[in-house]
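Visitor: Pasting a structure here, questions to come.
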Amino acid sequence: MKVIYILWLREVKKYLRSRTQIFASLGSPIMYLGVLGFGLGPIFRKAGEGSYLQFMAPGVIGMTVLFTSMFSGIALLWDRQFGFLKETLVAPVPRIFIMMGRTLGSATVSIIQGLLIFVMCFVAGFRPVSFSVVPLAILFMAMIAINFAALGTVIGSSLKDMQGFQLVMNFLVMPIFFLSGALYPLSNLPKALALLTRIDPLTYGVDGVRTVLTGVTHFGIAADAAVLVGVAILLLSAGAWRFSKIEI
Amino acid sequence: MIQVENLVKRFGDLTAVDNISFTVERGEIFAFLGPNGAGKTTTIKMLTTLLQPTSGSLELDGLDPTVNRDEVRKRFGVVFQDPSLDQDLTAWENMEIHGVLYGVPRKERHERATTLLQLFELWERRDALVKTFSGGMRRRLEIARGLLHTPKVLFLDEPTLGLDPQSRNQMWTHVKSLNETDNVTVFLTTHYMEEADRVASRIAVIDHGRVIAIGSSRELKEQTGTESLEDAFLALTGTTIRDESASAADSMRQIARMWRK
């Protein structure tokens, strides 16, 4: 337990110390929120869908959690290259504890980032149905975070260096975001796109956050939660397996 | 304590370790000497469960590092050749994480960390981030950290690289006393012959992945008919300079340096 705690603490401390990184990572969600939120707002309203900001804010929160958790999972590569990973890998603790500490740390950091964006959205004019739903929204953020921190671990354990990183970014992280329904409603989509959105775990995460915060739902929160937990179990197992196989 | 038989490690076409065998007795200080790329680090990585051997058998305190990984990990401590500190944490935090990972109880952990940081003259800088440390300070911290728990076997892979004579002296004195008082078996590699001469009870010379000579410093000198260990080493391994190709880690470090002002 102490091992998990200290590795969790490490992730959180490192995050809190990297102020510039915090601001930098808030840049792109704010851009999406500002440019798309206000830019597409009038058209969205004309289409009879109501406030676009209200619609996309949960999507942008989901995106922030996705990016942050995925990156801190892949930061494994960084630790591998700079050696700290070795220190943890030779320690007399089961590797699953090491992975859990890292994953929970990444998840915590992602939730903090998600909450910062939630505050930004609020400042921009986003209004949740009530503030009492925030804890439930955090729970969904946590589920998103654990899913993608685990996926990041799978990738981070499988790549040897940062060269594959761009590939992962363009062919995995961006599609996960764009197919998640963060930016557009999932109803009345072309068949192929509808299918792709349904196999994207983030879709259920965004739908969960959106349902909780705005009351508008596509799958219903029970279905969202079930899918997220199921996929998380798969990804965590895969992550644990890949992590246990790391050789340096 | 350590038993290696017919150990082989291949990376693709390259045979890094080519059928080596040796034994290290309990309580012994054993030195592995060899030019760059001889297979020293690869052997240590296999003994410390970081790499799986291609073939051959390994034993550490009667256990097989390829099978009983966690049990074996409880028995050794290691100071790696490459840096393995977390640069975004302070010296104290690096010590603290290590202590927790190795299950050293809180009180003992703090006492030992204090003593070691004082010994290696890092106490004043304990709350500074490691990335602000000079190369020598990092190295000292790495060694202090490796000594935080008392293992049965201590692996030191070129621990003194980049250290000034004072720190080197401190380190070896400490290692010797650990060896004498706690009966810690020490397995070390170094490029400094006088260090091996000073601390090691037995020395193995390894080149191109093979053990080419093994024995005490005196035996090696007698065998080669030379006056010093350095001459014996050169007589055994020749005078050609070996190049190691830059690894992925090196190029990464270069990129990172570029991005950090």
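Convention: chains lettered A, B, ... in structure tokens order; per-chain residue numbering from 1; ligands numbered from 1 as shown.
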If we count only C-alpha atoms, what is near Ala128 (chain B) at a cut-off of 9 Å, once residues fewer than 5 positions away on the same chain are taken out, given as a ChimeraX atom specification?

Guide: /B:89-92,133

Visitor: Which residues come within 6 Å of region 191-203 of chain B, counting only C-alpha atoms, excluding same-chain residues fewer than 4 positions away, as a list in words?

Guide: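 That gives Ile29, Phe30, Ala31, Phe32, Ile214, Gly215, Ser216 and Glu230 of chain B.
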
Visitor: Using only C-alpha atoms, find each residue in chain A having at least one atom no more than 8 Å away from chain B; report its shortest atom-to-atom pair and that distance in Å (one decimal), rows by chain then rising number, as a tab-separated table.

Guide:
```
residue	atom	partner	partner_atom	distance
A:Lys2	CA	B:Val100	CA	6.9
A:Val3	CA	B:Leu101	CA	5.8
A:Ile6	CA	B:Ile97	CA	6.4
A:Leu7	CA	B:Ile97	CA	7.6
A:Arg10	CA	B:Leu89	CA	7.9
A:Lys14	CA	B:Asp88	CA	6.4
A:Gln81	CA	B:Ala249	CA	5.0
A:Phe82	CA	B:Ser84	CA	6.5
A:Gly83	CA	B:Ser84	CA	3.9
A:Phe84	CA	B:Ser84	CA	4.3
A:Leu85	CA	B:Ser84	CA	7.3
A:Lys86	CA	B:Ser84	CA	6.5
A:Glu87	CA	B:Ser84	CA	6.0
A:Thr88	CA	B:Leu101	CA	7.5
A:Leu89	CA	B:Leu50	CA	7.4
A:Val90	CA	B:Arg73	CA	6.1
A:Ala91	CA	B:Leu101	CA	6.0
A:Pro92	CA	B:Arg73	CA	4.6
A:Val93	CA	B:Asp70	CA	6.5
A:Pro94	CA	B:Asp70	CA	6.7
A:Asp161	CA	B:Ala248	CA	6.8
A:Met162	CA	B:Met252	CA	7.8
A:Ile246	CA	B:Leu50	CA	8.0
A:Glu247	CA	B:Leu51	CA	5.4
A:Ile248	CA	B:Leu50	CA	5.9
```

Visitor: For CA of Lys13 (chain A) and CA of Ala75 (chain A), quote the distance in Å rounded to one decimal.

Guide: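 Taking CA of Lys13 (chain A) and CA of Ala75 (chain A), their separation equals 14.8 Å.
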
Visitor: Excluding Val24 (chain B) and any residue of its chain fewer than 4 positions from it, enumerate the residues within 7 Å of it, using only C-alpha atoms, and give them as a ChimeraX atom specification.

Guide: /B:1-3,28,30

Visitor: Next, the residues of the selection above should be written as an mmCIF file, in the first residue's frame with N, CA and C atoms.

Guide:
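File produced: result-v3.cif:
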```
data_model
loop_
_atom_site.group_PDB
_atom_site.id
_atom_site.type_symbol
_atom_site.label_atom_id
_atom_site.label_comp_id
_atom_site.auth_asym_id
_atom_site.auth_seq_id
_atom_site.Cartn_x
_atom_site.Cartn_y
_atom_site.Cartn_z
ATOM 1 N N MET B 1 27.369 -17.237 -3.296
ATOM 2 C CA MET B 1 26.294 -16.228 -3.278
ATOM 3 C C MET B 1 25.727 -16.004 -4.674
ATOM 4 N N ILE B 2 26.669 -15.844 -5.609
ATOM 5 C CA ILE B 2 26.254 -15.711 -7.006
ATOM 6 C C ILE B 2 26.892 -16.845 -7.797
ATOM 7 N N GLN B 3 26.068 -17.490 -8.602
ATOM 8 C CA GLN B 3 26.615 -18.541 -9.434
ATOM 9 C C GLN B 3 26.117 -18.358 -10.856
ATOM 10 N N GLU B 28 32.276 -11.769 -0.245
ATOM 11 C CA GLU B 28 33.420 -11.427 -1.069
ATOM 12 C C GLU B 28 33.194 -10.070 -1.756
ATOM 13 N N PHE B 30 33.895 -8.700 -5.303
ATOM 14 C CA PHE B 30 34.266 -9.276 -6.594
ATOM 15 C C PHE B 30 34.221 -8.185 -7.654
#
```

Visitor: Determine, using only C-alpha atoms, which residues of region 126-200 of chain A have any atom at most 9 Å from an atom of region 214-229 of chain A, and tabulate each with its shortest atom pair and distance in Å to one decimal place, rows ordered by chain and then rising number, as CSV.

Guide:
```
residue,atom,partner,partner_atom,distance
A:Arg127,CA,A:Thr214,CA,7.9
A:Pro128,CA,A:Thr214,CA,5.5
A:Val129,CA,A:Thr214,CA,5.5
A:Ser130,CA,A:Thr214,CA,8.7
A:Phe140,CA,A:Ala225,CA,7.6
A:Met143,CA,A:Leu228,CA,6.4
A:Ile144,CA,A:Leu228,CA,7.2
A:Asn147,CA,A:Leu228,CA,7.3
A:Pro185,CA,A:His218,CA,8.7
A:Leu186,CA,A:His218,CA,7.3
A:Ser187,CA,A:His218,CA,8.0
```

Visitor: What would the file look like if the residues just selected were written as an mmCIF file, in the first residue's frame with N, CA and C atoms?

Guide:
```cif
data_model
loop_
_atom_site.group_PDB
_atom_site.id
_atom_site.type_symbol
_atom_site.label_atom_id
_atom_site.label_comp_id
_atom_site.auth_asym_id
_atom_site.auth_seq_id
_atom_site.Cartn_x
_atom_site.Cartn_y
_atom_site.Cartn_z
ATOM 1 N N ARG A 127 -23.243 26.179 -17.615
ATOM 2 C CA ARG A 127 -23.929 25.996 -16.331
ATOM 3 C C ARG A 127 -24.374 24.548 -16.156
ATOM 4 N N PRO A 128 -23.842 23.839 -15.150
ATOM 5 C CA PRO A 128 -24.331 22.482 -14.873
ATOM 6 C C PRO A 128 -25.738 22.550 -14.269
ATOM 7 N N VAL A 129 -26.469 21.439 -14.320
ATOM 8 C CA VAL A 129 -27.838 21.463 -13.787
ATOM 9 C C VAL A 129 -27.857 21.851 -12.314
ATOM 10 N N SER A 130 -26.860 21.383 -11.559
ATOM 11 C CA SER A 130 -26.698 21.845 -10.180
ATOM 12 C C SER A 130 -25.282 21.477 -9.745
ATOM 13 N N PHE A 140 -17.002 10.090 -13.155
ATOM 14 C CA PHE A 140 -16.867 9.750 -14.577
ATOM 15 C C PHE A 140 -15.510 10.172 -15.129
ATOM 16 N N MET A 143 -13.122 7.593 -14.221
ATOM 17 C CA MET A 143 -13.201 6.389 -15.053
ATOM 18 C C MET A 143 -12.507 6.607 -16.399
ATOM 19 N N ILE A 144 -12.736 7.796 -16.986
ATOM 20 C CA ILE A 144 -12.032 8.105 -18.238
ATOM 21 C C ILE A 144 -10.527 8.057 -17.999
ATOM 22 N N ASN A 147 -9.036 4.543 -17.583
ATOM 23 C CA ASN A 147 -9.000 3.866 -18.877
ATOM 24 C C ASN A 147 -7.796 4.273 -19.708
ATOM 25 N N PRO A 185 -23.256 15.950 -31.715
ATOM 26 C CA PRO A 185 -24.210 14.980 -31.167
ATOM 27 C C PRO A 185 -24.102 13.647 -31.891
ATOM 28 N N LEU A 186 -24.389 12.571 -31.193
ATOM 29 C CA LEU A 186 -24.220 11.236 -31.754
ATOM 30 C C LEU A 186 -25.429 10.759 -32.551
ATOM 31 N N SER A 187 -26.539 11.512 -32.466
ATOM 32 C CA SER A 187 -27.719 11.057 -33.185
ATOM 33 C C SER A 187 -27.624 11.421 -34.665
#
```

Visitor: Give me the residues near Asn36 (chain B) as a PyMOL selection string, where near means some atom within 12 Å (using only C-alpha atoms) and where sequence neighbours in that chain fewer than 6 positions away do not count.

Guide: chain B and resi 16+42+81+158+189-191+206-209+237+240-245

Visitor: For C-alpha atoms, I'd like the residues from the last selection saved as a PDB file, in the first residue's frame.

Guide:
```
ATOM      1  CA  ALA B  16      26.904  -9.403 -25.702  1.00  0.00           C
ATOM      2  CA  THR B  42      24.532  -6.837 -19.557  1.00  0.00           C
ATOM      3  CA  GLN B  81      25.977   2.890 -14.551  1.00  0.00           C
ATOM      4  CA  GLU B 158      30.968   1.794 -12.533  1.00  0.00           C
ATOM      5  CA  THR B 189      32.637  -3.043 -12.215  1.00  0.00           C
ATOM      6  CA  THR B 190      35.051  -0.186 -12.728  1.00  0.00           C
ATOM      7  CA  HIS B 191      37.540   1.299 -15.144  1.00  0.00           C
ATOM      8  CA  ILE B 206      35.966  -9.900 -19.310  1.00  0.00           C
ATOM      9  CA  ASP B 207      36.331  -8.996 -22.972  1.00  0.00           C
ATOM     10  CA  HIS B 208      34.080  -9.539 -25.988  1.00  0.00           C
ATOM     11  CA  GLY B 209      31.567 -11.226 -23.725  1.00  0.00           C
ATOM     12  CA  THR B 237      42.679  -7.288 -23.249  1.00  0.00           C
ATOM     13  CA  THR B 240      42.702  -1.309 -29.037  1.00  0.00           C
ATOM     14  CA  ILE B 241      40.048   1.215 -28.104  1.00  0.00           C
ATOM     15  CA  ARG B 242      36.439   0.007 -28.196  1.00  0.00           C
ATOM     16  CA  ASP B 243      33.562   2.146 -29.269  1.00  0.00           C
ATOM     17  CA  GLU B 244      30.073   1.717 -28.014  1.00  0.00           C
ATOM     18  CA  SER B 245      27.355   2.812 -30.368  1.00  0.00           C
TER      19      SER B 245
END
```

Visitor: What gap, in Å, lies between CA of Ile111 (chain A) and CA of Ser237 (chain A)?

Guide: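 According to the coordinates, CA of Ile111 (chain A) and CA of Ser237 (chain A) are separated by 21.8 Å.
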
Visitor: Which one is closest to Arg145 (chain B): B:Val104, B:Leu161, B:Leu119, B:Met95? Count only C-alpha atoms.

Guide: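 Checking each of B:Val104, B:Leu161, B:Leu119, B:Met95 against Arg145 (chain B), counting only C-alpha atoms, the winner is B:Met95.
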
Visitor: At a cut-off of 8 Å, using only C-alpha atoms, what residues contact Gly156 (chain A)? Leave out same-chain residues fewer than 4 positions from it and give the result as a PyMOL selection string.

Guide: chain A and resi 73-77+152+160

Visitor: With N, CA and C atoms retained, could you export that selection as a tab-separated table (two decimals), in the first residue's frame?

Guide:
```
chain	number	residue	atom	x	y	z
A	73	GLY	N	0.54	8.32	-18.92
A	73	GLY	CA	0.83	6.90	-19.12
A	73	GLY	C	2.05	6.71	-19.99
A	74	ILE	N	2.10	7.49	-21.07
A	74	ILE	CA	3.22	7.36	-22.00
A	74	ILE	C	4.51	7.92	-21.39
A	75	ALA	N	4.37	8.76	-20.35
A	75	ALA	CA	5.56	9.32	-19.69
A	75	ALA	C	6.46	8.22	-19.14
A	76	LEU	N	5.92	7.03	-19.09
A	76	LEU	CA	6.70	5.84	-18.79
A	76	LEU	C	7.95	5.77	-19.66
A	77	LEU	N	7.78	6.15	-20.93
A	77	LEU	CA	8.89	6.16	-21.87
A	77	LEU	C	9.97	7.10	-21.40
A	152	GLY	N	-2.27	4.24	-21.93
A	152	GLY	CA	-0.95	4.87	-22.04
A	152	GLY	C	0.15	3.95	-21.52
A	160	LYS	N	9.85	1.52	-27.53
A	160	LYS	CA	11.21	1.58	-26.99
A	160	LYS	C	11.67	3.02	-26.79
```

Visitor: So which one's closest to Leu236 (chain A), A:Phe171, A:Tyr204, A:Phe148, A:Phe126? Using only C-alpha atoms, please.

Guide: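 Looking at the shortest contact to Leu236 (chain A), the residue is A:Phe148.
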
Visitor: So which residues of region 49-143 of chain A fall under helix (DSSP H, G or I) by DSSP, listed as number ranges by chain?

Guide: A: 52-82, 84-89, 95-124, 131-143

Visitor: Tell me, as a ChimeraX atom specification, which residues lie within 8 Å of Ile176 (chain A), counting only C-alpha atoms; anything in the same chain fewer than 5 positions away does not count.

Guide: /A:200-202

Visitor: In Å, rounded to a single decimal, give me how far CA of Leu116 (chain B) is from CA of Met171 (chain B).

Guide: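 So the answer is 10.3 Å.
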
Visitor: Enumerate, as a list in words, the complete set of residues in region 114-171 of chain B that a backbone-based DSSP assignment places in strand (DSSP E or B).

Guide: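 Going through region 114-171 of chain B, the strand (DSSP E or B) residues come out as Leu129, Val153, Leu154, Phe155, Leu156 and Asp157 of chain B.
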